[in-house]
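Participant: Structure file run08.cif (mmCIF, C-alpha atoms) is given on the next line.
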```
data_run
#
loop_
_atom_site.label_atom_id
_atom_site.label_comp_id
_atom_site.auth_asym_id
_atom_site.auth_seq_id
_atom_site.Cartn_x
_atom_site.Cartn_y
_atom_site.Cartn_z
CA MET X 1 115.45 96.69 23.02
CA THR X 2 113.20 94.09 21.53
CA ALA X 3 109.51 94.64 22.04
CA HIS X 4 107.87 91.73 23.82
CA LYS X 5 104.31 90.78 23.06
CA ARG X 6 101.99 89.84 25.83
CA ASN X 7 100.49 86.41 25.57
CA SER X 8 96.83 87.30 25.81
CA ALA X 9 95.76 83.66 25.94
CA THR X 10 97.41 82.92 29.27
CA GLY X 11 97.67 86.45 30.58
CA ARG X 12 100.76 85.28 32.39
CA HIS X 13 103.45 87.11 30.43
CA ARG X 14 104.20 90.38 32.14
CA VAL X 15 106.66 92.97 30.97
CA PHE X 16 109.12 94.30 33.51
CA VAL X 17 111.18 97.41 33.12
CA GLU X 18 114.55 97.36 34.79
CA HIS X 19 115.61 100.70 36.19
CA SER X 20 118.67 99.57 38.00
CA VAL X 21 121.50 99.78 35.50
CA GLY X 22 121.15 103.49 34.96
CA ALA X 23 118.47 105.49 33.22
CA THR X 24 120.01 105.09 29.78
CA GLN X 25 120.06 101.32 29.89
CA GLY X 26 116.62 100.34 31.15
CA GLY X 27 115.85 97.00 29.48
CA LEU X 28 112.65 95.01 29.17
CA HIS X 29 112.43 91.61 30.80
CA VAL X 30 109.55 89.31 30.13
CA LEU X 31 108.51 87.25 33.12
CA PRO X 32 108.29 83.68 31.83
CA PRO X 33 105.01 81.92 32.60
CA ALA X 34 105.09 80.02 35.87
CA LEU X 35 103.72 76.49 36.03
CA PRO X 36 100.04 76.92 37.03
CA GLN X 37 100.46 75.50 40.54
CA PHE X 38 103.09 78.20 41.31
CA ALA X 39 101.19 81.25 40.09
CA HIS X 40 101.06 82.55 43.68
CA VAL X 41 104.84 82.52 44.24
CA GLY X 42 106.42 85.96 44.10
CA ARG X 43 109.06 86.52 41.43
CA PHE X 44 111.38 89.42 40.70
CA TRP X 45 114.16 90.34 38.32
CA ASP X 46 117.54 89.63 39.91
CA ARG X 47 119.81 92.40 38.64
CA GLU X 48 122.97 90.82 39.92
CA HIS X 49 122.50 87.49 38.14
CA HIS X 50 120.41 88.74 35.22
CA CYS X 51 117.58 86.29 35.61
CA PHE X 52 114.18 86.05 37.24
CA SER X 53 114.11 84.76 40.76
CA ALA X 54 111.23 83.13 42.62
CA LYS X 55 111.18 84.04 46.29
CA LEU X 56 110.01 81.28 48.64
CA LEU X 57 108.32 81.82 51.98
CA PRO X 58 108.26 79.06 54.63
CA GLY X 59 106.04 76.19 53.47
CA GLU X 60 106.26 77.09 49.78
CA TYR X 61 108.05 75.34 46.94
CA TYR X 62 108.72 76.16 43.30
CA VAL X 63 109.71 74.28 40.15
CA THR X 64 111.00 75.96 37.01
CA THR X 65 111.73 74.92 33.44
CA THR X 66 112.88 78.34 32.23
CA GLY X 67 116.27 78.96 33.84
CA GLU X 68 114.89 81.01 36.71
CA GLN X 69 116.60 81.18 40.07
CA ILE X 70 114.87 80.28 43.32
CA ALA X 71 115.74 82.29 46.42
CA THR X 72 114.85 82.18 50.09
CA VAL X 73 116.14 82.94 53.57
CA LEU X 74 116.51 80.03 56.00
CA GLY X 75 116.84 80.07 59.76
CA SER X 76 116.13 76.66 61.27
CA CYS X 77 114.10 75.65 58.19
CA VAL X 78 115.69 73.50 55.48
CA SER X 79 115.50 73.57 51.70
CA ALA X 80 116.00 70.66 49.35
CA CYS X 81 117.26 71.72 45.94
CA VAL X 82 116.37 69.09 43.36
CA ARG X 83 117.17 69.07 39.64
CA ASP X 84 117.32 66.74 36.69
CA ARG X 85 120.98 66.59 35.70
CA ARG X 86 120.12 65.99 32.04
CA THR X 87 117.48 68.68 31.46
CA GLY X 88 118.20 71.31 34.12
CA ILE X 89 114.56 71.27 35.18
CA GLY X 90 114.25 71.47 38.93
CA GLY X 91 113.08 73.27 42.00
CA MET X 92 113.40 73.97 45.69
CA ASN X 93 111.23 73.73 48.78
CA HIS X 94 111.38 75.48 52.15
CA PHE X 95 109.99 73.71 55.17
CA MET X 96 110.38 72.59 58.75
CA LEU X 97 108.84 69.77 60.75
CA PRO X 98 106.04 70.43 63.21
CA GLN X 99 106.61 69.26 66.79
CA ASP X 100 105.29 65.78 67.51
CA ALA X 101 103.54 66.45 70.80
CA SER X 102 99.76 65.94 71.04
CA LYS X 103 99.38 64.41 67.58
CA GLY X 104 98.49 61.07 69.13
CA THR X 105 100.63 58.90 66.88
CA SER X 106 102.99 57.49 69.48
CA ALA X 107 101.83 53.94 68.77
CA TRP X 108 103.77 53.97 65.50
CA GLY X 109 106.91 55.72 66.69
CA SER X 110 108.90 58.18 64.63
CA THR X 111 108.47 56.28 61.35
CA VAL X 112 104.88 57.47 61.09
CA SER X 113 104.98 60.54 63.33
CA ALA X 114 103.10 63.66 62.26
CA ALA X 115 106.45 65.39 61.75
CA THR X 116 107.79 62.69 59.45
CA ARG X 117 104.56 62.53 57.47
CA TYR X 118 104.58 66.29 57.01
CA GLY X 119 108.22 66.34 55.90
CA ASN X 120 107.59 63.49 53.50
CA VAL X 121 104.86 65.40 51.76
CA ALA X 122 106.98 68.57 51.54
CA MET X 123 109.62 66.48 49.73
CA GLU X 124 107.21 64.45 47.63
CA ARG X 125 105.33 67.46 46.24
CA LEU X 126 108.59 68.96 44.95
CA ILE X 127 109.89 65.66 43.55
CA ASN X 128 106.56 64.71 41.93
CA ASP X 129 106.28 68.05 40.16
CA ILE X 130 109.77 67.55 38.70
CA LEU X 131 109.04 63.94 37.72
CA LYS X 132 105.81 65.04 36.02
CA LEU X 133 107.91 67.19 33.67
CA GLY X 134 109.56 64.08 32.30
CA SER X 135 112.36 63.27 34.76
CA SER X 136 113.18 59.94 36.30
CA ARG X 137 114.28 59.44 39.89
CA ASP X 138 117.74 58.22 38.96
CA SER X 139 118.58 61.41 37.06
CA LEU X 140 117.78 63.67 40.01
CA GLU X 141 120.52 65.51 41.88
CA VAL X 142 119.88 66.88 45.37
CA LYS X 143 121.49 69.63 47.43
CA LEU X 144 120.51 70.32 51.03
CA VAL X 145 120.79 73.61 52.87
CA GLY X 146 119.69 75.27 56.12
CA GLY X 147 118.78 73.95 59.55
CA GLY X 148 120.79 76.50 61.49
CA ARG X 149 120.71 76.61 65.27
CA VAL X 150 119.72 80.22 65.00
CA LEU X 151 118.21 80.66 68.43
CA GLY X 152 121.43 79.70 70.18
CA ALA X 153 120.10 79.47 73.72
CA SER X 154 116.88 77.61 72.88
CA ALA X 155 116.52 74.20 74.52
CA ILE X 156 115.18 72.48 71.42
CA ASP X 157 117.40 72.50 68.34
CA ILE X 158 114.69 72.72 65.69
CA GLY X 159 117.29 73.01 62.95
CA ALA X 160 118.88 69.69 63.92
CA ARG X 161 115.50 67.88 63.72
CA ASN X 162 114.97 69.25 60.23
CA ILE X 163 118.48 68.19 59.19
CA ASP X 164 118.06 64.66 60.60
CA PHE X 165 114.80 64.27 58.72
CA VAL X 166 115.95 65.54 55.34
CA ARG X 167 119.22 63.55 55.41
CA LYS X 168 117.35 60.36 56.26
CA TYR X 169 114.75 61.05 53.59
CA VAL X 170 117.22 61.45 50.73
CA ALA X 171 119.19 58.41 51.94
CA ASP X 172 116.03 56.25 52.14
CA GLU X 173 114.98 57.39 48.67
CA GLY X 174 118.44 56.66 47.29
CA PHE X 175 119.02 60.14 45.88
CA MET X 176 122.50 61.38 45.04
CA VAL X 177 123.44 64.30 47.30
CA ALA X 178 125.66 66.61 45.26
CA GLY X 179 126.26 69.03 48.09
CA GLU X 180 125.03 70.28 51.43
CA ASP X 181 125.42 73.25 53.73
CA LEU X 182 123.58 72.35 56.92
CA GLY X 183 123.62 73.28 60.59
CA ASP X 184 125.89 75.84 62.21
CA MET X 185 124.63 78.93 64.04
CA TYR X 186 123.68 81.21 61.15
CA PRO X 187 120.64 82.08 59.09
CA ARG X 188 121.31 81.76 55.37
CA LYS X 189 120.33 83.60 52.25
CA VAL X 190 120.22 80.99 49.48
CA GLN X 191 119.90 81.20 45.72
CA TYR X 192 119.52 78.06 43.65
CA SER X 193 119.69 77.74 39.91
CA PRO X 194 118.17 74.42 38.75
CA ALA X 195 119.47 74.95 35.20
CA THR X 196 123.09 74.83 36.34
CA GLY X 197 122.74 73.21 39.76
CA ARG X 198 124.57 76.10 41.34
CA LEU X 199 123.62 76.88 44.93
CA ARG X 200 124.82 80.17 46.40
CA VAL X 201 124.72 80.48 50.18
CA LYS X 202 125.40 83.63 52.14
CA LYS X 203 125.58 83.36 55.91
CA LEU X 204 123.72 86.17 57.63
CA ASN X 205 124.19 87.87 60.94
CA ALA X 206 121.75 86.17 63.33
CA VAL X 207 121.01 89.13 65.57
CA ARG X 208 119.78 91.28 62.68
CA ASN X 209 117.12 88.89 61.47
CA ASN X 210 114.07 89.38 63.65
CA THR X 211 111.79 89.33 60.61
CA LEU X 212 113.11 85.91 59.68
CA PHE X 213 112.60 84.49 63.18
CA GLU X 214 109.13 85.98 63.35
CA ARG X 215 108.24 84.39 60.00
CA GLU X 216 109.55 80.97 61.05
CA ARG X 217 107.75 81.13 64.38
CA ASN X 218 104.47 82.00 62.66
CA TYR X 219 104.98 79.15 60.21
CA LEU X 220 105.63 76.71 63.06
CA GLU X 221 102.51 77.89 64.90
CA VAL X 222 100.38 77.32 61.80
CA LEU X 223 101.89 73.83 61.42
CA GLU X 224 101.12 72.95 65.04
CA LYS X 225 97.47 73.88 64.62
CA GLU X 226 96.98 72.22 61.25
CA PRO X 227 95.65 68.69 61.42
CA VAL X 228 98.00 66.37 59.57
CA GLY X 229 95.83 64.16 57.40
CA ASN X 230 92.09 64.72 57.41
CA ASP X 231 91.19 64.63 53.74
CA ILE X 232 89.54 61.30 52.99
CA GLU X 233 86.74 60.69 50.51
CA LEU X 234 84.97 57.41 49.87
CA PHE X 235 83.30 57.13 46.46
CA MET S 1 95.85 35.24 60.02
CA GLY S 2 96.13 38.87 58.87
CA ARG S 3 94.56 40.17 55.71
CA LEU S 4 96.91 40.91 52.83
CA ILE S 5 97.24 44.55 51.79
CA MET S 6 99.29 45.74 48.81
CA THR S 7 100.90 49.17 49.12
CA VAL S 8 102.07 50.78 45.89
CA ASP S 9 104.32 53.85 45.91
CA ASP S 10 107.52 54.91 44.13
CA SER S 11 108.75 56.57 47.32
CA ALA S 12 110.54 54.17 49.65
CA SER S 13 109.84 56.44 52.64
CA MET S 14 106.12 56.43 51.92
CA ARG S 15 106.01 52.63 51.48
CA GLU S 16 107.78 52.32 54.83
CA MET S 17 105.28 54.62 56.57
CA VAL S 18 102.28 52.75 55.20
CA ARG S 19 103.88 49.38 55.95
CA ALA S 20 104.66 50.39 59.57
CA THR S 21 101.08 51.61 60.07
CA LEU S 22 99.52 48.43 58.65
CA VAL S 23 101.85 45.90 60.25
CA GLY S 24 101.26 47.62 63.61
CA ALA S 25 97.54 46.96 63.12
CA GLY S 26 98.06 43.28 62.30
CA TYR S 27 97.84 43.33 58.50
CA GLU S 28 100.20 41.50 56.18
CA VAL S 29 101.77 43.81 53.64
CA VAL S 30 103.20 43.37 50.16
CA GLU S 31 104.92 46.34 48.50
CA ALA S 32 105.19 47.41 44.86
CA VAL S 33 107.26 50.34 43.53
CA ASP S 34 104.91 51.33 40.69
CA GLY S 35 101.63 50.46 39.01
CA GLN S 36 103.21 47.98 36.62
CA GLU S 37 104.87 45.96 39.39
CA ALA S 38 101.60 46.02 41.34
CA LEU S 39 99.61 44.82 38.34
CA ASP S 40 102.12 42.04 37.58
CA TYR S 41 101.77 40.82 41.17
CA ALA S 42 97.98 41.19 41.18
CA ARG S 43 97.52 39.10 38.00
CA GLU S 44 98.79 36.07 39.90
CA ASN S 45 97.80 36.93 43.47
CA PRO S 46 94.63 38.18 45.13
CA CYS S 47 94.87 40.86 47.86
CA ASP S 48 92.24 41.98 50.36
CA LEU S 49 92.86 45.67 49.69
CA VAL S 50 95.21 47.88 47.64
CA ILE S 51 96.54 51.30 48.71
CA SER S 52 98.19 53.05 45.78
CA ASP S 53 99.94 56.34 45.07
CA VAL S 54 98.80 58.20 41.94
CA ASN S 55 101.95 59.74 40.43
CA MET S 56 104.37 56.92 39.63
CA PRO S 57 106.69 55.99 36.75
CA ARG S 58 105.77 53.23 34.24
CA MET S 59 102.14 53.03 35.40
CA ASP S 60 100.28 55.61 37.50
CA GLY S 61 97.77 54.74 40.21
CA ILE S 62 94.66 55.65 38.23
CA THR S 63 95.68 53.38 35.35
CA LEU S 64 96.46 50.68 37.91
CA VAL S 65 92.95 50.94 39.37
CA HIS S 66 91.48 50.72 35.87
CA GLU S 67 93.58 47.65 35.04
CA LEU S 68 92.84 45.94 38.35
CA ARG S 69 89.08 46.36 37.84
CA SER S 70 89.37 44.34 34.63
CA LEU S 71 90.79 41.38 36.57
CA PRO S 72 87.97 39.08 37.75
CA HIS S 73 89.57 38.57 41.18
CA TYR S 74 89.90 42.36 41.74
CA ARG S 75 86.42 43.37 40.63
CA LEU S 76 85.22 43.88 44.22
CA THR S 77 88.52 44.50 46.01
CA PRO S 78 88.69 47.85 47.85
CA LEU S 79 91.19 50.08 46.00
CA LEU S 80 92.28 53.24 47.84
CA LEU S 81 94.34 56.00 46.24
CA LEU S 82 96.79 57.74 48.61
CA THR S 83 98.31 60.80 47.02
CA THR S 84 99.48 64.42 47.34
CA GLU S 85 96.93 65.27 44.61
CA SER S 86 93.76 66.85 45.97
CA SER S 87 92.03 68.41 42.95
CA ALA S 88 88.40 67.56 42.20
CA GLU S 89 89.32 66.61 38.59
CA LYS S 90 91.91 64.06 39.71
CA LYS S 91 89.51 62.60 42.27
CA LEU S 92 86.88 62.25 39.56
CA GLU S 93 89.37 60.41 37.34
CA GLY S 94 90.06 58.04 40.21
CA LYS S 95 86.38 57.50 40.87
CA ARG S 96 85.69 56.82 37.19
CA ALA S 97 88.57 54.33 37.02
CA GLY S 98 86.87 52.39 39.81
CA ALA S 99 88.69 53.48 42.96
CA THR S 100 86.92 52.92 46.28
CA GLY S 101 88.26 56.05 47.93
CA TRP S 102 90.77 58.89 47.85
CA ILE S 103 93.11 59.83 50.70
CA VAL S 104 95.26 62.96 50.53
CA LYS S 105 98.79 62.82 51.95
CA PRO S 106 99.91 63.39 54.63
CA PHE S 107 97.70 60.60 55.93
CA ASN S 108 96.63 60.20 59.53
CA PRO S 109 97.40 56.59 60.64
CA GLU S 110 94.25 56.21 62.77
CA GLN S 111 92.05 57.52 59.96
CA LEU S 112 93.75 55.37 57.34
CA LEU S 113 93.09 52.28 59.47
CA ALA S 114 89.50 53.36 60.20
CA THR S 115 88.87 53.91 56.48
CA MET S 116 90.31 50.49 55.64
CA ALA S 117 88.14 48.86 58.28
CA ARG S 118 85.07 50.48 56.74
CA VAL S 119 85.70 49.22 53.22
CA LEU S 120 87.15 45.79 53.99
#
```
Could you quickly redo this structure as structure tokens?

Facilitator:
Amino acid sequence: MTAHKRNSATGRHRVFVEHSVGATQGGLHVLPPALPQFAHVGRFWDREHHCFSAKLLPGEYYVTTTGEQIATVLGSCVSACVRDRRTGIGGMNHFMLPQDASKGTSAWGSTVSAATRYGNVAMERLINDILKLGSSRDSLEVKLVGGGRVLGASAIDIGARNIDFVRKYVADEGFMVAGEDLGDMYPRKVQYSPATGRLRVKKLNAVRNNTLFERERNYLEVLEKEPVGNDIELF
Amino acid sequence: MGRLIMTVDDSASMREMVRATLVGAGYEVVEAVDGQEALDYARENPCDLVISDVNMPRMDGITLVHELRSLPHYRLTPLLLLTTESSAEKKLEGKRAGATGWIVKPFNPEQLLATMARVL
């Protein structure tokens, strides 16, 4: 195995030892540096696909230039997978819309509702970070996934709201949708590779995913409490 | 007669949200898709206020603010930057270019209108 030197300047290169393939074959994998804004996102070596994988929690997003995969588990949340077709640079987000009640924006209707504004920013952050790496809007390819009706008996179909939003957003922005896997009754395990554009989706058994539901519920509660739009500074 | 506001953003959804907010409050709105288009319009036409995104192709919002300040008829016009960027360094760049204020997305419609009313 090649010895990998640590980049002492950035401190971001870390050496990983893979134990999985049997004791005789443990190889070294160097974690590529993440873009600075994504230093907090957890990453691991994916033994099955032989690449590093960033694991997204609800509300997070990640952009990679180094051929990494991005993975997450979606219940009623949605992910937009966005990549530049020419360069393979791209990323993925993981979000849902907060409920509209009590945000006091009824005067403007759904166009400017708190939910729409929140969703817009979740999309724009991802797209801007890709554009900043030298892409143009017309070379972006989008795939959409998630939005399951995972709590079958629940009165409000949160997944459907998220789907309606994200479909409208990409249509309004004029993005090419290369594929989608939305709705249905199941949670999904998703793995996206911006370098190739490949999106793997595995449908999961709903009843065995209490952790997932718990995580989404907590995320939604945080969203409901967060004020949408309070950061204004006059110079 | 409503005051004329220019909204500059490369995202069609964002332009629509700002437009809906402003039109609902009685303003007239002109839209531009990037800094260059906004500057081309501004060279020939005065506006009462400009709300611009920062990250845009061709010309970003901070360059736009800088360019607008060199136009005699935009020397005193309120120029607000409306962006997902929230770092102190970026805000300082905006301030130095001559921006009037900085609003982080997602914006709150009431607060956007209140801020505009203050600087108009």

Participant: When you get a sec, could you note down which chain S residues fall within 10 Å of chain X, using only C-alpha atoms, as a compact mmCIF listing (two decimals) with C-alpha atoms, in the frame of the given file?

Facilitator:
```txt
# COMPACT_ATOMS: atom_id res chain seq x y z
CA ASP S 10 107.52 54.91 44.13
CA SER S 11 108.75 56.57 47.32
CA ALA S 12 110.54 54.17 49.65
CA SER S 13 109.84 56.44 52.64
CA MET S 14 106.12 56.43 51.92
CA GLU S 16 107.78 52.32 54.83
CA MET S 17 105.28 54.62 56.57
CA VAL S 18 102.28 52.75 55.20
CA ARG S 19 103.88 49.38 55.95
CA ALA S 20 104.66 50.39 59.57
CA THR S 21 101.08 51.61 60.07
CA LEU S 22 99.52 48.43 58.65
CA VAL S 23 101.85 45.90 60.25
CA GLY S 24 101.26 47.62 63.61
CA ALA S 25 97.54 46.96 63.12
CA ASN S 55 101.95 59.74 40.43
CA MET S 56 104.37 56.92 39.63
CA PRO S 57 106.69 55.99 36.75
CA LEU S 80 92.28 53.24 47.84
CA LEU S 81 94.34 56.00 46.24
CA LEU S 82 96.79 57.74 48.61
CA THR S 83 98.31 60.80 47.02
CA THR S 84 99.48 64.42 47.34
CA GLU S 85 96.93 65.27 44.61
CA SER S 86 93.76 66.85 45.97
CA LYS S 91 89.51 62.60 42.27
CA LEU S 92 86.88 62.25 39.56
CA GLY S 94 90.06 58.04 40.21
CA LYS S 95 86.38 57.50 40.87
CA ARG S 96 85.69 56.82 37.19
CA GLY S 98 86.87 52.39 39.81
CA ALA S 99 88.69 53.48 42.96
CA THR S 100 86.92 52.92 46.28
CA GLY S 101 88.26 56.05 47.93
CA TRP S 102 90.77 58.89 47.85
CA ILE S 103 93.11 59.83 50.70
CA VAL S 104 95.26 62.96 50.53
CA LYS S 105 98.79 62.82 51.95
CA PRO S 106 99.91 63.39 54.63
CA PHE S 107 97.70 60.60 55.93
CA ASN S 108 96.63 60.20 59.53
CA PRO S 109 97.40 56.59 60.64
CA GLU S 110 94.25 56.21 62.77
CA GLN S 111 92.05 57.52 59.96
CA LEU S 112 93.75 55.37 57.34
CA THR S 115 88.87 53.91 56.48
CA ARG S 118 85.07 50.48 56.74
CA VAL S 119 85.70 49.22 53.22
```

Participant: Which is closest to Ser70 in chain S among S:Ser87, S:Arg58, S:Ala42, S:Leu49, if we use all atoms listed in the file?

Facilitator: S:Ala42

Participant: Record the distance separating CA of Arg3 in chain S and CA of Thr63 in chain S, expressed in Å with one decimal.

Facilitator: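 Separation of CA of Arg3 in chain S and CA of Thr63 in chain S: 24.3 Å.
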
Participant: What would the selection look like, as an MDAnalysis selection string, if the PyMOL selection byres ((chain X and resi 43) around 10) were run on the coordinates I just shared?

Facilitator: chainID X and resid 31 34 39:42 44:46 52:56 68:71

Participant: To one decimal in Å, tell me the separation between CA of Gly88 in chain X and CA of Asp184 in chain X.

Facilitator: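 Atom-to-atom, CA of Gly88 in chain X and CA of Asp184 in chain X are spaced 29.5 Å apart.
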
Participant: Nearest to Leu68 in chain S among S:Met6, S:Ala38, S:Leu120, S:Leu113, with distances taken over all atoms listed in the file: which residue is it?

Facilitator: S:Ala38

Participant: Quick one: which residues end up in the PyMOL selection byres ((chain X and resi 90) around 10) for this structure, as a ChimeraX atom specification?

Facilitator: /X:62-68,70,81-85,87-89,91-92,126-127,129-131,133,135,140-142,192-197

Participant: Please measure the separation of CA of Arg15 in chain S and CA of Ala80 in chain X, giving the value in Å to one decimal.

Facilitator: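 These atoms are spaced 20.7 Å apart.
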
Participant: Report the residues retrieved by the PyMOL selection byres ((chain S and resi 72) around 12) from the displayed file, expressed as a list in words.

Facilitator: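 Applying the expression gives Ala42, Arg43, Glu44, Asn45, Pro46, Glu67, Leu68, Arg69, Ser70, Leu71, His73, Tyr74, Arg75, Leu76 and Thr77 of chain S.
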
Participant: Name all residues at most 7 Å from Gly147 in chain X (count only C-alpha atoms; drop same-chain ones fewer than 5 positions away) and give them as a ChimeraX atom specification.

Facilitator: /X:75-78,159-160,162-163,182-183
